[in-house]
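Student: This is the structure I want to talk about, given as structure tokens.
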Amino acid sequence: MSAVKEGNFDGIREQVRGIMKQPGYDDGSAGPVFVRLAWHASGNFSLVEHTGGSNGAGMRFPPESVDPANAGLHHAISFLLPIQAANPWLTHSDLWTLAGITAIEAMGGPKIPWEPGRTDYSTAEAAADHRGDISSRLPDGALGADHIREVFGRMGFSDREIVALSGAHALGRCHEDRSGYEGQWVVNPIRFSNQYFKLLLRDIWKPREWDGPFQYEATVAGTKLMMLPTDMALVQDSEFKVWVEKYAADQDLFFKDFAMAFGKLIELGVERDDTGFAQLVKKSAREGKP
Ligand code: DDH
């Protein structure tokens, strides 16, 4: 892979699109796992403690790197390494978030606002940011609406934003060797759409009888599909369900809301100083300086 000029993020987007096609991996695309990488890199942010978030690319270090919630994301990180190696000026934290939004767009989804300027922590900086229970902040698919509101409330998301973000499960699949769950949510898992919401509203879901963790299953157009307990919670909870119905009926509204919510997700905890770089600001916040 050849280098692109420092600061040429359109060039980086092109390189991401160039490596998305991965014959032999899942559905032939690294797109879904790039989206999950951007989400898990960002989704451990806490408004209260002001730790976590995409800045720093903490998933390169324990405890995030060994958090069972992040199992399998090394595939995404490895797919991106050639881009990193060719462009040493680029931070992992900018690349991971940029790869996520580039993949969403390339799979037919909306354009998501993205700003560069994230910095990568050193081991010591990552340790400082990793205090507290940072590695247990991601959602547990076995739980229900209260848990979802608690996890996303900690990041500052409303019901509307939570349901919009959940529509990302139109992409990709569960892998038994990563999460224990198995299967895809929609018929075409490499196309961004509002299919997830349409399927959630159909009366087709039955508990799957198997030795694995409790999940739901249905067969649609000859394809076996799945839902997690947390997915079904979005239609079992009447306030979440209002948004599931709106997004199932109006893909444009879903795309618009998703773009705003995902744009907010990847900015959580990223406070740039006036030079445009994020690390200095977070460091001074940690040291209690203004
Ligand atoms: Fe998710 N997700 N996710 N998810 N997610 C999994 C896969 C993918 C939960 C659990 C799982 C979001 C929300 C939730 C994506 C994006 C997003 C898997 C399977 C589990 C389990 C992992 C594996 O076995 O490989 C739970 C619980 C929640 C919740 O909200 C309660 C959000 C908000 C997003 C987002 O991007 C905004 C994507 C994409 C995948 C597919 C990954 C892949 O490799 O394919």
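Convention: chains lettered A, B, ... in structure tokens order; per-chain residue numbering from 1; ligands numbered from 1 as shown.
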Per residue of chain A within 6 Å of ligand 1, what are the shortest atom pair and its distance in Å to one decimal, counting only C-alpha atoms and all ligand atoms, with rows by chain and residue number, as a tab-separated table?
Tutor:
residue	atom	partner	partner_atom_place_in_ligand_line	distance
A:Pro32	CA	ligand 1	39 (C)	4.4
A:Val33	CA	ligand 1	44 (O)	3.9
A:Val35	CA	ligand 1	39 (C)	4.8
A:Arg36	CA	ligand 1	39 (C)	4.5
A:Trp39	CA	ligand 1	36 (O)	5.0
A:Pro139	CA	ligand 1	27 (C)	4.6
A:Asp140	CA	ligand 1	27 (C)	4.6
A:Gly141	CA	ligand 1	27 (C)	3.3
A:Ile148	CA	ligand 1	31 (C)	5.3
A:Leu165	CA	ligand 1	37 (C)	4.4
A:Ser166	CA	ligand 1	33 (C)	4.7
A:Ala168	CA	ligand 1	35 (C)	4.8
A:His169	CA	ligand 1	15 (C)	5.3
A:Leu171	CA	ligand 1	39 (C)	4.9
A:Gly172	CA	ligand 1	45 (O)	3.2
A:Arg173	CA	ligand 1	45 (O)	4.1
A:Cys174	CA	ligand 1	24 (O)	3.5
A:His175	CA	ligand 1	24 (O)	3.6
A:Glu176	CA	ligand 1	24 (O)	5.9
A:Arg178	CA	ligand 1	24 (O)	4.4
A:Ser179	CA	ligand 1	24 (O)	3.9
A:Tyr181	CA	ligand 1	24 (O)	5.8
A:Thr230	CA	ligand 1	31 (C)	5.1
Student: Those residues you just picked out, can you put them in a file as a PDB file, in the first residue's frame with C-alpha atoms?
Tutor:
ATOM      1  CA  PRO A  32     -19.435  -4.736   9.487  1.00  0.00           C
ATOM      2  CA  VAL A  33     -16.480  -5.478  11.759  1.00  0.00           C
ATOM      3  CA  VAL A  35     -18.389  -0.528  12.236  1.00  0.00           C
ATOM      4  CA  ARG A  36     -18.263  -2.613  15.394  1.00  0.00           C
ATOM      5  CA  TRP A  39     -18.593   1.539  18.142  1.00  0.00           C
ATOM      6  CA  PRO A 139     -23.959  -3.757  26.637  1.00  0.00           C
ATOM      7  CA  ASP A 140     -24.766  -7.377  27.458  1.00  0.00           C
ATOM      8  CA  GLY A 141     -26.999  -8.936  24.804  1.00  0.00           C
ATOM      9  CA  ILE A 148     -29.820  -0.740  27.579  1.00  0.00           C
ATOM     10  CA  LEU A 165     -27.928   3.295  16.828  1.00  0.00           C
ATOM     11  CA  SER A 166     -29.316  -0.215  17.283  1.00  0.00           C
ATOM     12  CA  ALA A 168     -26.497  -0.938  12.952  1.00  0.00           C
ATOM     13  CA  HIS A 169     -27.486  -4.566  13.475  1.00  0.00           C
ATOM     14  CA  LEU A 171     -24.894  -5.168   9.382  1.00  0.00           C
ATOM     15  CA  GLY A 172     -22.795  -8.203  10.094  1.00  0.00           C
ATOM     16  CA  ARG A 173     -23.325 -11.211  12.248  1.00  0.00           C
ATOM     17  CA  CYS A 174     -22.762 -12.919  15.579  1.00  0.00           C
ATOM     18  CA  HIS A 175     -19.970 -15.483  15.773  1.00  0.00           C
ATOM     19  CA  GLU A 176     -20.128 -18.378  18.226  1.00  0.00           C
ATOM     20  CA  ARG A 178     -16.607 -14.426  19.713  1.00  0.00           C
ATOM     21  CA  SER A 179     -19.832 -13.671  21.606  1.00  0.00           C
ATOM     22  CA  TYR A 181     -24.349 -16.002  19.767  1.00  0.00           C
ATOM     23  CA  THR A 230     -31.538  -6.807  23.723  1.00  0.00           C
TER      24      THR A 230
END
Student: Find the spatial neighbours of Gly109 of chain A, counting only C-alpha atoms, within a cut-off of 8 Å - ignore same-chain residues fewer than 4 positions away - and output them as a list in words.
Tutor: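 Surrounding residues, per the criterion: Ile104, Glu105, Arg191, Phe192, Ser193 and Phe255 of chain A.
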Student: Convert the current residue selection to file output with C-alpha atoms, as an mmCIF file, in the first residue's frame.
Tutor:
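Dumped everything to out-v4.cif:
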data_model
loop_
_atom_site.group_PDB
_atom_site.id
_atom_site.type_symbol
_atom_site.label_atom_id
_atom_site.label_comp_id
_atom_site.auth_asym_id
_atom_site.auth_seq_id
_atom_site.Cartn_x
_atom_site.Cartn_y
_atom_site.Cartn_z
ATOM 1 C CA ILE A 104 -21.294 2.497 6.644
ATOM 2 C CA GLU A 105 -21.305 4.857 3.692
ATOM 3 C CA ARG A 191 -26.098 -3.512 3.022
ATOM 4 C CA PHE A 192 -27.033 -0.678 5.395
ATOM 5 C CA SER A 193 -30.834 -0.303 5.549
ATOM 6 C CA PHE A 255 -30.563 7.427 8.073
#
Student: Need to verify the contact set: Leu200 of chain A, 9 Å, only C-alpha atoms, exclusion of same-chain residues closer than 6 positions in sequence. Can you return it as a list in words?
Tutor: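 Those residues are Met227, Asp231, Met232, Leu234, Val235, Val244 and Ala248 of chain A.
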Student: I need the chosen residues saved as a PDB file, in the first residue's frame, with N, CA and C atoms.
Tutor:
ATOM      1  N   MET A 227     -32.139 -12.682  16.455  1.00  0.00           N
ATOM      2  CA  MET A 227     -32.231 -11.473  17.274  1.00  0.00           C
ATOM      3  C   MET A 227     -31.702 -11.819  18.671  1.00  0.00           C
ATOM      4  N   ASP A 231     -32.106  -6.959  21.345  1.00  0.00           N
ATOM      5  CA  ASP A 231     -32.798  -6.489  20.137  1.00  0.00           C
ATOM      6  C   ASP A 231     -34.310  -6.551  20.373  1.00  0.00           C
ATOM      7  N   MET A 232     -34.785  -7.686  20.901  1.00  0.00           N
ATOM      8  CA  MET A 232     -36.231  -7.856  21.119  1.00  0.00           C
ATOM      9  C   MET A 232     -36.747  -6.853  22.161  1.00  0.00           C
ATOM     10  N   LEU A 234     -36.284  -3.881  22.218  1.00  0.00           N
ATOM     11  CA  LEU A 234     -36.682  -2.639  21.536  1.00  0.00           C
ATOM     12  C   LEU A 234     -38.136  -2.675  21.075  1.00  0.00           C
ATOM     13  N   VAL A 235     -38.714  -3.854  20.961  1.00  0.00           N
ATOM     14  CA  VAL A 235     -40.151  -3.908  20.650  1.00  0.00           C
ATOM     15  C   VAL A 235     -40.985  -4.300  21.871  1.00  0.00           C
ATOM     16  N   VAL A 244     -38.854   2.251  16.814  1.00  0.00           N
ATOM     17  CA  VAL A 244     -38.703   1.120  15.884  1.00  0.00           C
ATOM     18  C   VAL A 244     -39.738   1.278  14.760  1.00  0.00           C
ATOM     19  N   ALA A 248     -38.908   1.859  10.840  1.00  0.00           N
ATOM     20  CA  ALA A 248     -39.333   0.820   9.885  1.00  0.00           C
ATOM     21  C   ALA A 248     -40.130   1.454   8.752  1.00  0.00           C
TER      22      ALA A 248
END
Student: So the first atom is atom CA of Ile266 of chain A and the second is atom CA of Ile162 of chain A; what is the distance between them in Å, to one decimal place?
Tutor: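 So the answer is 14.2 Å.
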Student: So, counting only C-alpha atoms, which residue among A:Trp243, A:Trp114, A:Tyr216, A:Phe197 is closest to Arg13 of chain A?
Tutor: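 For Arg13 of chain A, the nearest of the given residues is A:Trp114.
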Student: My list of candidates is A:Asp252, A:Ala278, A:Gly180, A:Thr102. Which is closest to Gly18 of chain A when distances are computed with only C-alpha atoms?
Tutor: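 Comparing A:Asp252, A:Ala278, A:Gly180, A:Thr102 against Gly18 of chain A, the winner is A:Thr102.
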Student: Quick one: pull the distance between atom CA of Val16 of chain A and atom CA of Gly58 of chain A, Å, one decimal.
Tutor: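 Those two atoms sit 20.9 Å apart.
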Student: From the set A:Leu37, A:Met260, A:Leu138, A:Ala30, which residue has the shortest atom-to-atom contact distance to Arg154 of chain A, counting only C-alpha atoms?
Tutor: A:Leu138
Student: In Å, how far is it from atom CA of Gln215 of chain A to atom CA of Tyr196 of chain A?
Tutor: 15.5 Å
Student: Excluding Gly7 of chain A and residues on its chain fewer than 6 positions from it, collect all residues at most 12 Å away from it, counting only C-alpha atoms, and give them as a ChimeraX atom specification.
Tutor: /A:13,87-91,94-95,115-117
Student: Step one, run DSSP on the backbone; step two, keep only residues of segment 40-283 of chain A assigned to strand (DSSP E); then write them as a PyMOL selection string.
Tutor: chain A and resi 173-174+183-184+206-207+216-220+223-227
Student: Name the closest residue to His92 of chain A among the candidates A:Gly28, A:Gly56, A:Gly276, A:Gly222; distances are taken between atoms, counting only C-alpha atoms.
Tutor: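 Going through A:Gly28, A:Gly56, A:Gly276, A:Gly222 one by one, the smallest distance to His92 of chain A is for A:Gly56.
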Student: Looking at only C-alpha atoms, which of A:Ile101, A:Val242, A:Leu80, A:Ala221 is the one that sits closest to Ala261 of chain A?
Tutor: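 Comparing A:Ile101, A:Val242, A:Leu80, A:Ala221 against Ala261 of chain A, the winner is A:Ile101.
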Student: Using only C-alpha atoms, which residue out of A:Leu143, A:Phe79, A:His50, A:Arg137 lies closest to Gln22 of chain A?
Tutor: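 Comparing A:Leu143, A:Phe79, A:His50, A:Arg137 against Gln22 of chain A, the winner is A:Phe79.
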